[in-house]
Amino acid sequence: MINEIFLNLLKQQNIDLLLNEPMSKHTTFHIGGNADCFCELKDSRSLKNIILICKEYSVPYFIIGLGSNLLVSDNGIRGLVIKLSGEFNSITLLDDNTIRCGAGVSLAGLCVFARKMSLSGLEFAWGIPGSVGGAVYMNAGAYNGEIKNVVTSVRYIDNQGNKKSYPKDELDFSYRHSVFTDTDNIITDVTFKLVPKPQEIIIDRMQELMNRRKAKQPINHPSAGSIFKRPGENIYAAALIEECGLKGFSIGGAEVSTKHSGFIVNDHNATAQDVKKLIKHIQDVVFEQKGIKLCCEVKFVG
Ligand SMILES: Cc1cc2nc3c(=O)[nH]c(=O)nc-3n(C[C@H](O)[C@H](O)[C@H](O)COP(=O)(O)OP(=O)(O)OC[C@H]3O[C@@H](n4cnc5c(N)ncnc54)[C@H](O)[C@@H]3O)c2cc1C
């Protein structure tokens with residue numbers, strides 16, 4: 001329970017603690033009510049201490065990356081939301097083709113680093129607006145690339161505050177899933193093995209994929225990317241939604257993007273409730289007309 005003693009213990013950890021923090025500020029959807037408490041943690045020691053304090057006071061915690069795959073409830077999040085910064089934002093070249101990267105680093109930052117080192121393998125991730133931790137949790141992927149193809153090990157802190165690691169073959173990666181899915185283990189850093197390649201080739205590929213993204217996706221509108229998972233090999237949620245005549249359909253401020261039917265955009269001050277209603281409507285119509293059940297890729301929180 002969050003009480004004075006709990007809050008004082010957090011403050012003693014010398015962290016910046018925000019109370020009633022609007023989650024709309026921390027999600028790419030720009031939607032979400034207040035988190036009871038929000039903090040950025042800069043090192044593993046404070047992370048461990050905070051987890052143990054939460055455990056002792058039975059306060060739930062939630063780790064957020066860059067909030068690009070989240071729909072946070074209008075009622076916000078009970079408990080503590082943790083964001084990684086400081087040492088979790090560092091990137092190191094371990095040898096000629098191996099990078100160790102903190103979980104708080106943006107995929108964009110990691111891609112730029114790899115490009116600078118003339119290391120190839122992460123080009124597919126250029127344009128995915130998440131963090132390295134979120135990308136591993138989700139096994140993010142695009143344009144025939146997936147995080148699982150380049151990760152060799154992941155270090156994390158479990159819900160008892162213990163530092164642990166998984167080698168590649170224990171990461172249980174599959175489509176938008178990893179061993180971390182639906183656990184409260186916190187990824188702290190990730191090791192990537194890449195392939196040396198001339199920088200111009202890497203730059204060209206990154207540019208090509210970014211152009212494709214810009215042409216196809218409503219990247220200038222608040223969203224959480226693709227709302228639904230692909231329902232099967234070579235079956236695309238966007239195509240089904242469009243065939244059902246739902247392109248541009250809206251509920252409240254939430255709209256099926258007119259540029260990419262797999263995206264719901266926050267068109268004007270959408271609430272999480274608007275988005276949820278729209279998701280349900282899409283699922284019902286697609287099931288009625290196509291007999292296919294669409295499952296969400298976006299994570300509901302709070
Ligand atoms: C415009 C747009 C385009 C997108 N394109 C793509 C795409 O092409 N491919 C794709 O796969 N996704 C895409 N996405 C979705 C999203 O960017 C990815 O899912 C990304 O990996 C989420 O990372 P995040 O840091 O934002 O995670 P968040 O959204 O903050 O969190 C997602 C989940 O990861 C968990 N998590 C985050 N950090 C950690 C950590 N350190 N330890 C443990 N768990 C953690 C959270 O608890 C949550 O359950 C897109 C989104 C947008 C808005």
# chains A, B, ... in the order shown; residues from 1 in each chain; ligands from 1

$ residues_near_ligand --ligand "ligand 1" --cutoff "6 Å" --atoms "only C-alpha atoms and all ligand atoms" --output "NGL selection string"
:A and (28 or 62-70 or 103 or 128-131 or 133-135 or 137-138 or 140-142 or 185-188 or 219 or 223-225)

$ residues_around --residues "Gly245 in chain A" --least-positions-apart "2" --cutoff "12 Å" --atoms "only C-alpha atoms" --output "JSON, numbers by chain"
{"A": [238, 239, 240, 241, 242, 243, 247, 248, 249, 250, 256, 258, 261, 282, 285, 286, 289]}

$ write_last_selection --atoms "C-alpha atoms" --output "compact mmCIF listing (two decimals), in the first residue's frame"
# COMPACT_ATOMS: atom_id res chain seq x y z
CA ALA A 238 -4.80 -3.81 -41.86
CA ALA A 239 -6.05 -5.50 -45.05
CA LEU A 240 -8.93 -7.22 -43.20
CA ILE A 241 -9.95 -3.95 -41.52
CA GLU A 242 -9.90 -2.12 -44.83
CA GLU A 243 -11.88 -4.86 -46.59
CA LYS A 247 -10.75 2.68 -42.79
CA GLY A 248 -11.36 6.15 -41.27
CA PHE A 249 -14.08 4.84 -38.91
CA SER A 250 -13.97 6.65 -35.59
CA VAL A 256 -8.81 3.98 -37.78
CA THR A 258 -6.88 6.67 -43.22
CA SER A 261 -5.87 0.68 -41.31
CA ILE A 282 -13.17 -3.62 -35.23
CA VAL A 285 -16.94 -6.51 -37.48
CA VAL A 286 -13.88 -8.42 -38.71
CA GLN A 289 -17.42 -10.58 -41.92

$ atom_distance --atom1 "CA of Met1 in chain A" --atom2 "CA of Leu52 in chain A"
13.5 Å

$ residues_around --residues "range 11-20 of chain A" --least-positions-apart "3" --cutoff "6 Å" --atoms "only C-alpha atoms" --output "list in words"
Asn8, Asn34, Ala35, Asp36, Cys37, Phe38 and Cys39 of chain A

$ select_by_dssp --residues "range 157-276 of chain A" --states "strand (DSSP E)" --output "ChimeraX atom specification"
/A:157,163-167,186-193,195-196,223-226,250-251,254-256,263-266

$ write_last_selection --atoms "N, CA and C atoms" --output "PDB file, in the first residue's frame"
ATOM      1  N   ILE A 157      16.757  -7.855 -13.859  1.00  0.00           N
ATOM      2  CA  ILE A 157      16.600  -7.937 -12.396  1.00  0.00           C
ATOM      3  C   ILE A 157      15.232  -8.552 -12.154  1.00  0.00           C
ATOM      4  N   LYS A 163      20.014  -9.979  -9.679  1.00  0.00           N
ATOM      5  CA  LYS A 163      20.521  -9.779 -11.051  1.00  0.00           C
ATOM      6  C   LYS A 163      20.681 -11.141 -11.713  1.00  0.00           C
ATOM      7  N   LYS A 164      20.135 -11.281 -12.890  1.00  0.00           N
ATOM      8  CA  LYS A 164      20.209 -12.567 -13.596  1.00  0.00           C
ATOM      9  C   LYS A 164      20.435 -12.325 -15.080  1.00  0.00           C
ATOM     10  N   SER A 165      20.658 -13.406 -15.842  1.00  0.00           N
ATOM     11  CA  SER A 165      20.754 -13.214 -17.292  1.00  0.00           C
ATOM     12  C   SER A 165      20.217 -14.430 -18.034  1.00  0.00           C
ATOM     13  N   TYR A 166      19.805 -14.199 -19.263  1.00  0.00           N
ATOM     14  CA  TYR A 166      19.342 -15.276 -20.145  1.00  0.00           C
ATOM     15  C   TYR A 166      20.255 -15.309 -21.358  1.00  0.00           C
ATOM     16  N   PRO A 167      20.789 -16.473 -21.705  1.00  0.00           N
ATOM     17  CA  PRO A 167      21.454 -16.581 -23.002  1.00  0.00           C
ATOM     18  C   PRO A 167      20.390 -16.647 -24.097  1.00  0.00           C
ATOM     19  N   ILE A 186      12.762  -7.045 -14.928  1.00  0.00           N
ATOM     20  CA  ILE A 186      13.159  -5.797 -15.592  1.00  0.00           C
ATOM     21  C   ILE A 186      14.470  -5.992 -16.353  1.00  0.00           C
ATOM     22  N   ILE A 187      14.386  -5.816 -17.660  1.00  0.00           N
ATOM     23  CA  ILE A 187      15.573  -5.946 -18.519  1.00  0.00           C
ATOM     24  C   ILE A 187      16.486  -4.753 -18.231  1.00  0.00           C
ATOM     25  N   THR A 188      17.766  -5.030 -17.984  1.00  0.00           N
ATOM     26  CA  THR A 188      18.675  -3.916 -17.684  1.00  0.00           C
ATOM     27  C   THR A 188      19.636  -3.627 -18.848  1.00  0.00           C
ATOM     28  N   ASP A 189      20.145  -4.703 -19.495  1.00  0.00           N
ATOM     29  CA  ASP A 189      20.929  -4.461 -20.702  1.00  0.00           C
ATOM     30  C   ASP A 189      20.953  -5.688 -21.607  1.00  0.00           C
ATOM     31  N   VAL A 190      21.303  -5.419 -22.851  1.00  0.00           N
ATOM     32  CA  VAL A 190      21.143  -6.425 -23.895  1.00  0.00           C
ATOM     33  C   VAL A 190      22.417  -6.471 -24.733  1.00  0.00           C
ATOM     34  N   THR A 191      22.849  -7.690 -25.084  1.00  0.00           N
ATOM     35  CA  THR A 191      24.030  -7.816 -25.944  1.00  0.00           C
ATOM     36  C   THR A 191      23.602  -8.223 -27.357  1.00  0.00           C
ATOM     37  N   PHE A 192      24.136  -7.504 -28.325  1.00  0.00           N
ATOM     38  CA  PHE A 192      23.780  -7.731 -29.738  1.00  0.00           C
ATOM     39  C   PHE A 192      25.008  -8.165 -30.515  1.00  0.00           C
ATOM     40  N   LYS A 193      24.857  -9.153 -31.367  1.00  0.00           N
ATOM     41  CA  LYS A 193      25.952  -9.539 -32.278  1.00  0.00           C
ATOM     42  C   LYS A 193      25.561  -9.110 -33.685  1.00  0.00           C
ATOM     43  N   VAL A 195      26.994  -7.683 -37.838  1.00  0.00           N
ATOM     44  CA  VAL A 195      27.918  -8.091 -38.912  1.00  0.00           C
ATOM     45  C   VAL A 195      28.558  -6.843 -39.519  1.00  0.00           C
ATOM     46  N   PRO A 196      29.895  -6.805 -39.619  1.00  0.00           N
ATOM     47  CA  PRO A 196      30.528  -5.634 -40.241  1.00  0.00           C
ATOM     48  C   PRO A 196      30.091  -5.477 -41.701  1.00  0.00           C
ATOM     49  N   SER A 223      -0.090   7.527 -31.914  1.00  0.00           N
ATOM     50  CA  SER A 223      -0.627   6.164 -32.037  1.00  0.00           C
ATOM     51  C   SER A 223       0.257   5.235 -31.212  1.00  0.00           C
ATOM     52  N   ALA A 224      -0.074   3.950 -31.245  1.00  0.00           N
ATOM     53  CA  ALA A 224       0.815   2.958 -30.622  1.00  0.00           C
ATOM     54  C   ALA A 224       1.242   1.945 -31.679  1.00  0.00           C
ATOM     55  N   GLY A 225       1.340   2.396 -32.913  1.00  0.00           N
ATOM     56  CA  GLY A 225       1.729   1.496 -33.997  1.00  0.00           C
ATOM     57  C   GLY A 225       0.581   0.555 -34.344  1.00  0.00           C
ATOM     58  N   SER A 226       0.926  -0.638 -34.808  1.00  0.00           N
ATOM     59  CA  SER A 226      -0.119  -1.609 -35.174  1.00  0.00           C
ATOM     60  C   SER A 226      -0.865  -2.035 -33.915  1.00  0.00           C
ATOM     61  N   SER A 250     -14.446   6.108 -36.874  1.00  0.00           N
ATOM     62  CA  SER A 250     -13.972   6.655 -35.595  1.00  0.00           C
ATOM     63  C   SER A 250     -15.012   6.517 -34.490  1.00  0.00           C
ATOM     64  N   ILE A 251     -14.503   6.472 -33.275  1.00  0.00           N
ATOM     65  CA  ILE A 251     -15.356   6.533 -32.078  1.00  0.00           C
ATOM     66  C   ILE A 251     -14.705   7.575 -31.170  1.00  0.00           C
ATOM     67  N   ALA A 254     -10.906   8.641 -31.317  1.00  0.00           N
ATOM     68  CA  ALA A 254     -10.053   7.554 -31.838  1.00  0.00           C
ATOM     69  C   ALA A 254     -10.499   7.182 -33.243  1.00  0.00           C
ATOM     70  N   GLU A 255      -9.532   7.092 -34.156  1.00  0.00           N
ATOM     71  CA  GLU A 255      -9.882   6.854 -35.565  1.00  0.00           C
ATOM     72  C   GLU A 255      -8.997   5.768 -36.175  1.00  0.00           C
ATOM     73  N   VAL A 256      -9.613   4.919 -36.989  1.00  0.00           N
ATOM     74  CA  VAL A 256      -8.814   3.976 -37.784  1.00  0.00           C
ATOM     75  C   VAL A 256      -8.098   4.834 -38.824  1.00  0.00           C
ATOM     76  N   PHE A 263      -3.468   0.891 -37.884  1.00  0.00           N
ATOM     77  CA  PHE A 263      -3.166   1.848 -36.820  1.00  0.00           C
ATOM     78  C   PHE A 263      -4.457   2.525 -36.356  1.00  0.00           C
ATOM     79  N   ILE A 264      -4.596   2.723 -35.054  1.00  0.00           N
ATOM     80  CA  ILE A 264      -5.625   3.638 -34.540  1.00  0.00           C
ATOM     81  C   ILE A 264      -4.888   4.904 -34.128  1.00  0.00           C
ATOM     82  N   VAL A 265      -5.388   6.046 -34.571  1.00  0.00           N
ATOM     83  CA  VAL A 265      -4.715   7.291 -34.193  1.00  0.00           C
ATOM     84  C   VAL A 265      -5.578   8.086 -33.218  1.00  0.00           C
ATOM     85  N   ASN A 266      -4.892   8.806 -32.372  1.00  0.00           N
ATOM     86  CA  ASN A 266      -5.566   9.717 -31.447  1.00  0.00           C
ATOM     87  C   ASN A 266      -5.795  11.004 -32.236  1.00  0.00           C
TER      88      ASN A 266
END

$ residues_around --residues "range 207-217 of chain A" --least-positions-apart "5" --cutoff "9 Å" --atoms "only C-alpha atoms" --output "list in words"
Glu123, Phe124, Trp126, Gly127, Tyr143, Ile202, Gly225, Ser257, Lys259, His260 and Phe263 of chain A

$ atom_distance --atom1 "CA of Ser178 in chain A" --atom2 "CA of Ile279 in chain A"
24.1 Å

$ residues_around --residues "Glu87 in chain A" --least-positions-apart "5" --cutoff "8 Å" --atoms "only C-alpha atoms" --output "VMD selection string"
chain A and resid 42 to 43 102

$ residues_around --residues "Val72 in chain A" --least-positions-apart "6" --cutoff "10 Å" --atoms "only C-alpha atoms" --output "list in words"
Met23, Ser24, His26, Thr27, Phe29, His30, Ile31, Gly32, Gly33, Asn34, Ala35, Thr271, Ala272, Gln273, Lys299, Phe300, Val301 and Gly302 of chain A

$ atom_distance --atom1 "CA of Lys116 in chain A" --atom2 "CA of Gly145 in chain A"
19.8 Å

$ select_by_dssp --residues "range 57-227 of chain A" --states "alpha helix (DSSP H)" --output "NGL selection string"
:A and (107-116 or 132-138 or 199-216)

$ write_last_selection --atoms "C-alpha atoms" --output "PDB file, in the first residue's frame"
ATOM      1  CA  LEU A 107      16.244   1.871 -30.778  1.00  0.00           C
ATOM      2  CA  ALA A 108      17.062   4.989 -32.790  1.00  0.00           C
ATOM      3  CA  GLY A 109      20.111   5.653 -30.575  1.00  0.00           C
ATOM      4  CA  LEU A 110      21.239   2.033 -30.902  1.00  0.00           C
ATOM      5  CA  CYS A 111      20.794   2.082 -34.702  1.00  0.00           C
ATOM      6  CA  VAL A 112      22.845   5.278 -34.981  1.00  0.00           C
ATOM      7  CA  PHE A 113      25.620   3.729 -32.859  1.00  0.00           C
ATOM      8  CA  ALA A 114      25.664   0.527 -34.948  1.00  0.00           C
ATOM      9  CA  ARG A 115      25.741   2.575 -38.160  1.00  0.00           C
ATOM     10  CA  LYS A 116      28.658   4.623 -36.833  1.00  0.00           C
ATOM     11  CA  VAL A 132      15.849  -1.521 -26.312  1.00  0.00           C
ATOM     12  CA  GLY A 133      14.104  -3.008 -23.229  1.00  0.00           C
ATOM     13  CA  GLY A 134      10.673  -2.655 -24.831  1.00  0.00           C
ATOM     14  CA  ALA A 135      11.951  -4.090 -28.111  1.00  0.00           C
ATOM     15  CA  VAL A 136      13.303  -7.221 -26.405  1.00  0.00           C
ATOM     16  CA  TYR A 137      10.144  -7.617 -24.294  1.00  0.00           C
ATOM     17  CA  MET A 138       8.031  -7.407 -27.487  1.00  0.00           C
ATOM     18  CA  GLN A 199      28.572   2.169 -43.814  1.00  0.00           C
ATOM     19  CA  GLU A 200      27.028   3.390 -47.102  1.00  0.00           C
ATOM     20  CA  ILE A 201      25.115   0.118 -47.484  1.00  0.00           C
ATOM     21  CA  ILE A 202      23.767   0.409 -43.927  1.00  0.00           C
ATOM     22  CA  ILE A 203      22.786   4.059 -44.478  1.00  0.00           C
ATOM     23  CA  ASP A 204      21.005   3.223 -47.760  1.00  0.00           C
ATOM     24  CA  ARG A 205      19.005   0.407 -46.192  1.00  0.00           C
ATOM     25  CA  MET A 206      18.003   2.562 -43.189  1.00  0.00           C
ATOM     26  CA  GLN A 207      16.929   5.352 -45.511  1.00  0.00           C
ATOM     27  CA  GLU A 208      14.963   2.983 -47.729  1.00  0.00           C
ATOM     28  CA  LEU A 209      13.064   1.500 -44.779  1.00  0.00           C
ATOM     29  CA  MET A 210      12.353   4.933 -43.274  1.00  0.00           C
ATOM     30  CA  ASN A 211      10.947   6.100 -46.618  1.00  0.00           C
ATOM     31  CA  ARG A 212       8.686   3.045 -46.738  1.00  0.00           C
ATOM     32  CA  ARG A 213       7.485   3.771 -43.192  1.00  0.00           C
ATOM     33  CA  LYS A 214       6.806   7.442 -43.984  1.00  0.00           C
ATOM     34  CA  ALA A 215       4.871   6.489 -47.113  1.00  0.00           C
ATOM     35  CA  LYS A 216       2.692   3.866 -45.411  1.00  0.00           C
TER      36      LYS A 216
END

$ residues_around --residues "Asn3 in chain A" --least-positions-apart "4" --cutoff "10 Å" --atoms "only C-alpha atoms" --output "MDAnalysis selection string"
chainID A and resid 7:8 57 59
